[in-house]
$ cat structure-v2.cif   # mmCIF, C-alpha atoms
data_target
loop_
_atom_site.group_PDB
_atom_site.id
_atom_site.type_symbol
_atom_site.label_atom_id
_atom_site.label_comp_id
_atom_site.auth_asym_id
_atom_site.auth_seq_id
_atom_site.Cartn_x
_atom_site.Cartn_y
_atom_site.Cartn_z
ATOM 1 C CA ILE A 1 7.480 40.220 34.381
ATOM 2 C CA ALA A 2 6.106 43.607 35.259
ATOM 3 C CA PHE A 3 7.572 46.706 33.657
ATOM 4 C CA ASP A 4 6.367 49.957 32.192
ATOM 5 C CA PRO A 5 6.100 49.272 28.458
ATOM 6 C CA THR A 6 7.921 52.355 27.191
ATOM 7 C CA PRO A 7 10.009 51.861 24.045
ATOM 8 C CA ARG A 8 13.234 52.332 26.042
ATOM 9 C CA THR A 9 12.233 49.768 28.661
ATOM 10 C CA ILE A 10 11.081 47.289 26.035
ATOM 11 C CA SER A 11 14.364 47.569 24.133
ATOM 12 C CA MET A 12 16.194 46.824 27.393
ATOM 13 C CA VAL A 13 14.005 43.944 28.624
ATOM 14 C CA ALA A 14 13.002 42.115 25.425
ATOM 15 C CA PRO A 15 16.539 40.905 24.522
ATOM 16 C CA GLY A 16 16.938 39.256 27.912
ATOM 17 C CA ILE A 17 13.573 37.543 27.582
ATOM 18 C CA LEU A 18 14.466 36.320 24.098
ATOM 19 C CA TRP A 19 17.871 34.869 24.951
ATOM 20 C CA VAL A 20 16.809 33.307 28.253
ATOM 21 C CA ALA A 21 13.957 31.570 26.418
ATOM 22 C CA LEU A 22 16.304 30.338 23.681
ATOM 23 C CA ALA A 23 18.958 29.145 26.150
ATOM 24 C CA PHE A 24 16.307 27.317 28.174
ATOM 25 C CA GLY A 25 14.891 25.740 25.018
ATOM 26 C CA GLY A 26 18.388 24.715 23.975
ATOM 27 C CA ILE A 27 19.073 23.045 27.317
ATOM 28 C CA LEU A 28 15.810 21.120 27.201
ATOM 29 C CA GLY A 29 16.184 20.135 23.559
ATOM 30 C CA LEU A 30 19.780 18.966 23.860
ATOM 31 C CA SER A 31 19.200 17.035 27.064
ATOM 32 C CA ARG A 32 16.155 15.321 25.634
ATOM 33 C CA THR A 33 17.707 14.277 22.317
ATOM 34 C CA PHE A 34 20.706 12.699 24.008
ATOM 35 C CA ALA A 35 18.462 11.002 26.591
ATOM 36 C CA LEU A 36 16.302 9.468 23.851
ATOM 37 C CA GLU A 37 19.361 8.160 22.034
ATOM 38 C CA VAL A 38 20.797 6.589 25.185
ATOM 39 C CA GLU A 39 17.462 5.005 26.155
ATOM 40 C CA ASN A 40 17.020 3.475 22.703
ATOM 41 C CA GLY A 41 20.652 2.388 22.348
ATOM 42 C CA GLY A 42 21.231 4.677 19.386
ATOM 43 C CA PHE A 43 24.030 6.605 21.074
ATOM 44 C CA THR A 44 26.124 3.489 21.663
ATOM 45 C CA GLY A 45 25.365 2.237 18.173
ATOM 46 C CA THR A 46 26.511 5.507 16.648
ATOM 47 C CA LEU A 47 29.705 5.495 18.695
ATOM 48 C CA LEU A 48 30.451 1.922 17.581
ATOM 49 C CA SER A 49 29.911 2.780 13.921
ATOM 50 C CA PRO A 50 32.875 3.743 11.741
ATOM 51 C CA ILE A 51 31.902 7.425 11.554
ATOM 52 C CA ALA A 52 34.326 9.984 12.905
ATOM 53 C CA ARG A 53 33.314 11.338 16.279
ATOM 54 C CA ASP A 54 33.864 14.856 14.977
ATOM 55 C CA ALA A 55 31.274 14.267 12.256
ATOM 56 C CA PHE A 56 28.817 12.895 14.817
ATOM 57 C CA PHE A 57 29.425 15.914 17.050
ATOM 58 C CA LEU A 58 29.008 18.399 14.218
ATOM 59 C CA GLY A 59 25.795 16.655 13.152
ATOM 60 C CA LYS A 60 24.432 17.081 16.673
ATOM 61 C CA VAL A 61 25.522 20.738 16.663
ATOM 62 C CA ILE A 62 23.783 21.362 13.339
ATOM 63 C CA SER A 63 20.586 19.665 14.494
ATOM 64 C CA SER A 64 20.477 21.681 17.727
ATOM 65 C CA PHE A 65 21.233 24.868 15.771
ATOM 66 C CA VAL A 66 18.322 24.169 13.414
ATOM 67 C CA PHE A 67 16.005 23.332 16.333
ATOM 68 C CA MET A 68 16.816 26.576 18.139
ATOM 69 C CA ALA A 69 16.603 28.575 14.896
ATOM 70 C CA LEU A 70 13.084 27.227 14.374
ATOM 71 C CA VAL A 71 12.145 28.198 17.928
ATOM 72 C CA GLU A 72 13.588 31.644 17.289
ATOM 73 C CA LEU A 73 11.741 31.875 13.984
ATOM 74 C CA ILE A 74 8.506 31.570 15.949
ATOM 75 C CA LEU A 75 9.532 33.623 18.985
ATOM 76 C CA VAL A 76 11.012 36.710 17.284
ATOM 77 C CA PRO A 77 8.010 37.626 15.096
ATOM 78 C CA VAL A 78 5.766 37.272 18.139
ATOM 79 C CA MET A 79 8.058 39.609 20.099
ATOM 80 C CA VAL A 80 8.212 42.069 17.202
ATOM 81 C CA VAL A 81 4.417 42.244 17.090
ATOM 82 C CA LEU A 82 3.847 42.300 20.863
ATOM 83 C CA PHE A 83 6.546 44.861 21.629
ATOM 84 C CA ASP A 84 6.206 46.855 18.366
ATOM 85 C CA LEU A 85 9.903 46.474 17.555
ATOM 86 C CA ASP A 86 11.713 47.582 14.435
ATOM 87 C CA ILE A 87 14.912 45.595 13.984
ATOM 88 C CA PRO A 88 17.563 45.555 11.261
ATOM 89 C CA VAL A 89 16.982 42.043 9.942
ATOM 90 C CA ILE A 90 20.423 41.337 8.437
ATOM 91 C CA LEU A 91 22.302 42.371 11.583
ATOM 92 C CA PHE A 92 19.862 40.437 13.743
ATOM 93 C CA ILE A 93 20.372 37.293 11.649
ATOM 94 C CA LEU A 94 24.153 37.687 12.046
ATOM 95 C CA VAL A 95 23.936 38.104 15.825
ATOM 96 C CA SER A 96 21.400 35.320 16.112
ATOM 97 C CA SER A 97 23.473 32.897 14.037
ATOM 98 C CA LEU A 98 26.612 33.540 16.074
ATOM 99 C CA ALA A 99 24.727 33.190 19.354
ATOM 100 C CA LEU A 100 22.890 30.020 18.343
ATOM 101 C CA LEU A 101 26.160 28.483 17.163
ATOM 102 C CA ALA A 102 27.707 29.214 20.566
ATOM 103 C CA VAL A 103 24.765 27.667 22.421
ATOM 104 C CA SER A 104 24.780 24.634 20.106
ATOM 105 C CA LEU A 105 28.515 23.984 20.417
ATOM 106 C CA VAL A 106 28.703 24.269 24.192
ATOM 107 C CA GLY A 107 25.330 22.636 24.786
ATOM 108 C CA THR A 108 26.110 19.584 22.668
ATOM 109 C CA LEU A 109 29.387 18.983 24.487
ATOM 110 C CA PHE A 110 27.875 19.326 27.949
ATOM 111 C CA ALA A 111 24.813 17.262 27.050
ATOM 112 C CA ALA A 112 27.189 14.458 26.042
ATOM 113 C CA MET A 113 29.020 14.850 29.361
ATOM 114 C CA ALA A 114 25.862 14.776 31.441
ATOM 115 C CA ILE A 115 24.060 12.000 29.593
ATOM 116 C CA ASN A 116 25.444 9.058 31.555
ATOM 117 C CA THR A 117 24.809 10.542 34.980
ATOM 118 C CA ARG A 118 21.749 9.962 37.108
ATOM 119 C CA ALA A 119 21.219 13.682 37.697
ATOM 120 C CA ARG A 120 21.561 14.726 34.055
ATOM 121 C CA GLU A 121 18.569 17.106 34.193
ATOM 122 C CA ILE A 122 20.263 19.011 37.014
ATOM 123 C CA LEU A 123 23.844 18.632 35.839
ATOM 124 C CA MET A 124 23.300 19.938 32.307
ATOM 125 C CA PRO A 125 22.276 23.499 33.303
ATOM 126 C CA VAL A 126 24.914 23.585 36.051
ATOM 127 C CA LEU A 127 27.651 22.778 33.534
ATOM 128 C CA PHE A 128 26.218 24.726 30.613
ATOM 129 C CA LEU A 129 25.135 28.079 32.012
ATOM 130 C CA PRO A 130 28.433 29.296 33.556
ATOM 131 C CA VAL A 131 30.311 28.561 30.336
ATOM 132 C CA ILE A 132 27.760 30.128 27.993
ATOM 133 C CA ILE A 133 27.305 33.357 29.993
ATOM 134 C CA PRO A 134 29.804 35.421 27.926
ATOM 135 C CA ALA A 135 27.998 34.492 24.701
ATOM 136 C CA LEU A 136 24.568 35.131 26.228
ATOM 137 C CA LEU A 137 25.651 38.523 27.568
ATOM 138 C CA ALA A 138 27.073 39.487 24.179
ATOM 139 C CA SER A 139 23.862 38.290 22.501
ATOM 140 C CA VAL A 140 21.686 40.294 24.862
ATOM 141 C CA GLU A 141 23.832 43.410 24.383
ATOM 142 C CA CYS A 142 23.792 43.070 20.583
ATOM 143 C CA THR A 143 20.052 42.506 20.550
ATOM 144 C CA GLU A 144 19.470 45.437 22.895
ATOM 145 C CA ILE A 145 21.483 47.702 20.573
ATOM 146 C CA LEU A 146 19.510 46.441 17.574
ATOM 147 C CA PHE A 147 16.131 46.790 19.312
ATOM 148 C CA ALA A 148 16.978 50.312 20.538
ATOM 149 C CA GLY A 149 18.096 51.330 17.057
ATOM 150 C CA HIS A 150 20.976 53.476 18.239
ATOM 151 C CA GLY A 151 24.552 52.959 19.343
ATOM 152 C CA LEU A 152 25.325 50.699 16.396
ATOM 153 C CA ASP A 153 28.992 51.703 16.738
ATOM 154 C CA ASN A 154 29.139 49.588 19.935
ATOM 155 C CA LEU A 155 27.765 46.568 18.095
ATOM 156 C CA GLY A 156 31.135 45.595 16.623
ATOM 157 C CA LYS A 157 32.813 44.724 19.917
ATOM 158 C CA TRP A 158 29.926 42.471 20.975
ATOM 159 C CA ILE A 159 29.787 40.723 17.606
ATOM 160 C CA GLY A 160 33.567 40.327 17.870
ATOM 161 C CA LEU A 161 33.179 38.677 21.275
ATOM 162 C CA LEU A 162 30.600 36.274 19.853
ATOM 163 C CA GLY A 163 32.894 35.518 16.907
ATOM 164 C CA VAL A 164 35.882 34.789 19.150
ATOM 165 C CA PHE A 165 33.733 32.651 21.458
ATOM 166 C CA ASP A 166 32.474 30.650 18.477
ATOM 167 C CA ALA A 167 35.966 30.260 17.010
ATOM 168 C CA VAL A 168 37.443 28.986 20.280
ATOM 169 C CA TYR A 169 34.626 26.544 20.904
ATOM 170 C CA LEU A 170 34.423 25.452 17.259
ATOM 171 C CA ILE A 171 38.010 24.260 17.623
ATOM 172 C CA ALA A 172 37.877 22.987 21.220
ATOM 173 C CA THR A 173 34.513 21.232 21.464
ATOM 174 C CA PRO A 174 34.991 18.612 18.710
ATOM 175 C CA LEU A 175 38.329 17.679 20.273
ATOM 176 C CA CYS A 176 36.792 17.417 23.731
ATOM 177 C CA PHE A 177 33.770 15.487 22.453
ATOM 178 C CA GLY A 178 35.982 12.592 21.371
ATOM 179 C CA LEU A 179 37.406 12.403 24.888
ATOM 180 C CA VAL A 180 34.014 12.731 26.566
ATOM 181 C CA VAL A 181 32.405 9.851 24.677
ATOM 182 C CA SER A 182 35.453 7.556 24.679
ATOM 183 C CA ASP A 183 34.405 5.834 27.925
#

$ encode --input "structure-v2.cif" --output "structure tokens"
Amino acid sequence: IAFDPTPRTISMVAPGILWVALAFGGILGLSRTFALEVENGGFTGTLLSPIARDAFFLGKVISSFVFMALVELILVPVMVVLFDLDIPVILFILVSSLALLAVSLVGTLFAAMAINTRAREILMPVLFLPVIIPALLASVECTEILFAGHGLDNLGKWIGLLGVFDAVYLIATPLCFGLVVSD
């Protein structure tokens, strides 16, 4: 990436870099964990156990959320130092939590869908990325506002979009997960 490192340019480019890296890490992490479980027979064993599928799904969501939060915990301080950013920490944690929840919910569902196909490495991003775009755009916009340090009055609508996205998918994805894994 080549750009003139002015503070304005950095505040516009850094959020995109951050969220593309996190989305890519989420895709790889989710695909790999499901693939390991299928290869070792753990996925079938878990589905045959008497646990509710919703609980299994939410456990996978929590584990992917924690994984991506750890990646972000490493990535954000590096970006802050490299780009000399000053961010409001509490607001950034709110935006980050909402965005990571969105990626975890949608990613877990689509990883479960793609797991039994031969082209799962190709199918996962093809399914995942079009659905997650509204949340990623809202995350990038929120982060850009926070990195720029001005226009905080516009932050509410983007956080609202992330909240609605999370609410819809928090209700829909556990219901769909039961149908996806019932084969």

$ residues_around --input "structure-v2.cif" --residues "segment 152-158 of chain A" --least-positions-apart "6" --cutoff "8 Å" --atoms "only C-alpha atoms" --output "number ranges by chain"
A: 138-139, 141-142, 145-146

$ write_last_selection --input "structure-v2.cif" --atoms "C-alpha atoms" --output "PDB file, in the frame of the given file"
ATOM      1  CA  ALA A 138      27.073  39.487  24.179  1.00  0.00           C
ATOM      2  CA  SER A 139      23.862  38.290  22.501  1.00  0.00           C
ATOM      3  CA  GLU A 141      23.832  43.410  24.383  1.00  0.00           C
ATOM      4  CA  CYS A 142      23.792  43.070  20.583  1.00  0.00           C
ATOM      5  CA  ILE A 145      21.483  47.702  20.573  1.00  0.00           C
ATOM      6  CA  LEU A 146      19.510  46.441  17.574  1.00  0.00           C
TER       7      LEU A 146
END

$ atom_distance --input "structure-v2.cif" --atom1 "atom CA of Arg118 of chain A" --atom2 "atom CA of Val66 of chain A"
27.8 Å

$ residues_around --input "structure-v2.cif" --residues "segment 127-131 of chain A" --least-positions-apart "6" --cutoff "12 Å" --atoms "only C-alpha atoms" --output "list in words"
Val20, Ala23, Phe24, Gly26, Ile27, Leu28, Leu30, Ser31, Ala102, Val103, Ser104, Leu105, Val106, Gly107, Thr108, Leu109, Phe110, Ala111, Ala112, Met113, Ala114, Ala119, Arg120, Glu121, Leu137, Phe165 and Tyr169 of chain A

$ write_last_selection --input "structure-v2.cif" --atoms "C-alpha atoms" --output "CSV table (one decimal), in the frame of the given file"
chain,number,residue,atom,x,y,z
A,20,VAL,CA,16.8,33.3,28.3
A,23,ALA,CA,19.0,29.1,26.2
A,24,PHE,CA,16.3,27.3,28.2
A,26,GLY,CA,18.4,24.7,24.0
A,27,ILE,CA,19.1,23.0,27.3
A,28,LEU,CA,15.8,21.1,27.2
A,30,LEU,CA,19.8,19.0,23.9
A,31,SER,CA,19.2,17.0,27.1
A,102,ALA,CA,27.7,29.2,20.6
A,103,VAL,CA,24.8,27.7,22.4
A,104,SER,CA,24.8,24.6,20.1
A,105,LEU,CA,28.5,24.0,20.4
A,106,VAL,CA,28.7,24.3,24.2
A,107,GLY,CA,25.3,22.6,24.8
A,108,THR,CA,26.1,19.6,22.7
A,109,LEU,CA,29.4,19.0,24.5
A,110,PHE,CA,27.9,19.3,27.9
A,111,ALA,CA,24.8,17.3,27.0
A,112,ALA,CA,27.2,14.5,26.0
A,113,MET,CA,29.0,14.8,29.4
A,114,ALA,CA,25.9,14.8,31.4
A,119,ALA,CA,21.2,13.7,37.7
A,120,ARG,CA,21.6,14.7,34.1
A,121,GLU,CA,18.6,17.1,34.2
A,137,LEU,CA,25.7,38.5,27.6
A,165,PHE,CA,33.7,32.7,21.5
A,169,TYR,CA,34.6,26.5,20.9

$ resolve_selection --input "structure-v2.cif" --expression "the PyMOL selection byres ((chain A and resi 174) around 12)" --output "JSON, numbers by chain"
{"A": [52, 53, 54, 55, 56, 57, 58, 59, 60, 61, 104, 105, 106, 108, 109, 110, 112, 167, 168, 169, 170, 171, 172, 173, 175, 176, 177, 178, 179, 180, 181]}

$ resolve_selection --input "structure-v2.cif" --expression "the PyMOL selection byres ((chain A and resi 84) around 12)" --output "PDB file with C-alpha atoms, in the coordinates of the input"
ATOM      1  CA  PRO A   5       6.100  49.272  28.458  1.00  0.00           C
ATOM      2  CA  THR A   6       7.921  52.355  27.191  1.00  0.00           C
ATOM      3  CA  PRO A   7      10.009  51.861  24.045  1.00  0.00           C
ATOM      4  CA  ARG A   8      13.234  52.332  26.042  1.00  0.00           C
ATOM      5  CA  ILE A  10      11.081  47.289  26.035  1.00  0.00           C
ATOM      6  CA  SER A  11      14.364  47.569  24.133  1.00  0.00           C
ATOM      7  CA  ALA A  14      13.002  42.115  25.425  1.00  0.00           C
ATOM      8  CA  VAL A  76      11.012  36.710  17.284  1.00  0.00           C
ATOM      9  CA  PRO A  77       8.010  37.626  15.096  1.00  0.00           C
ATOM     10  CA  VAL A  78       5.766  37.272  18.139  1.00  0.00           C
ATOM     11  CA  MET A  79       8.058  39.609  20.099  1.00  0.00           C
ATOM     12  CA  VAL A  80       8.212  42.069  17.202  1.00  0.00           C
ATOM     13  CA  VAL A  81       4.417  42.244  17.090  1.00  0.00           C
ATOM     14  CA  LEU A  82       3.847  42.300  20.863  1.00  0.00           C
ATOM     15  CA  PHE A  83       6.546  44.861  21.629  1.00  0.00           C
ATOM     16  CA  LEU A  85       9.903  46.474  17.555  1.00  0.00           C
ATOM     17  CA  ASP A  86      11.713  47.582  14.435  1.00  0.00           C
ATOM     18  CA  ILE A  87      14.912  45.595  13.984  1.00  0.00           C
ATOM     19  CA  PHE A 147      16.131  46.790  19.312  1.00  0.00           C
ATOM     20  CA  ALA A 148      16.978  50.312  20.538  1.00  0.00           C
TER      21      ALA A 148
END

$ resolve_selection --input "structure-v2.cif" --expression "the PyMOL selection byres ((chain A and resi 94) around 12)" --output "list in words"
Pro88, Val89, Ile90, Leu91, Phe92, Ile93, Val95, Ser96, Ser97, Leu98, Ala99, Leu100, Leu101, Ser139, Cys142, Thr143, Leu146, Leu155, Gly156, Trp158, Ile159, Gly160, Leu162 and Gly163 of chain A

$ write_last_selection --input "structure-v2.cif" --atoms "C-alpha atoms" --output "compact mmCIF listing (two decimals), in the frame of the given file"
# COMPACT_ATOMS: atom_id res chain seq x y z
CA PRO A 88 17.56 45.56 11.26
CA VAL A 89 16.98 42.04 9.94
CA ILE A 90 20.42 41.34 8.44
CA LEU A 91 22.30 42.37 11.58
CA PHE A 92 19.86 40.44 13.74
CA ILE A 93 20.37 37.29 11.65
CA VAL A 95 23.94 38.10 15.82
CA SER A 96 21.40 35.32 16.11
CA SER A 97 23.47 32.90 14.04
CA LEU A 98 26.61 33.54 16.07
CA ALA A 99 24.73 33.19 19.35
CA LEU A 100 22.89 30.02 18.34
CA LEU A 101 26.16 28.48 17.16
CA SER A 139 23.86 38.29 22.50
CA CYS A 142 23.79 43.07 20.58
CA THR A 143 20.05 42.51 20.55
CA LEU A 146 19.51 46.44 17.57
CA LEU A 155 27.76 46.57 18.10
CA GLY A 156 31.14 45.60 16.62
CA TRP A 158 29.93 42.47 20.98
CA ILE A 159 29.79 40.72 17.61
CA GLY A 160 33.57 40.33 17.87
CA LEU A 162 30.60 36.27 19.85
CA GLY A 163 32.89 35.52 16.91

$ closest_residue --input "structure-v2.cif" --among "A:Ala135, A:Val140, A:Val38, A:Val13" --to "Val164 of chain A" --atoms "all atoms listed in the file"
A:Ala135

$ atom_distance --input "structure-v2.cif" --atom1 "atom CA of Ala35 of chain A" --atom2 "atom CA of Ile74 of chain A"
25.2 Å

$ closest_residue --input "structure-v2.cif" --among "A:Ile62, A:Leu36, A:Ile17, A:Leu73" --to "Leu136 of chain A" --atoms "all atoms listed in the file"
A:Ile17

$ atom_distance --input "structure-v2.cif" --atom1 "atom CA of Phe67 of chain A" --atom2 "atom CA of Gly25 of chain A"
9.1 Å

$ closest_residue --input "structure-v2.cif" --among "A:Leu22, A:Ile133, A:Val126, A:Met12" --to "Glu72 of chain A" --atoms "only C-alpha atoms"
A:Leu22

$ axis_aligned_box --input "structure-v2.cif" --around "segment 13-24 of chain A" --padding-each-side "6 Å" --output "JSON"
{"center_x": 16.0, "center_y": 35.6, "center_z": 26.2, "size_x": 18.0, "size_y": 28.6, "size_z": 16.9}
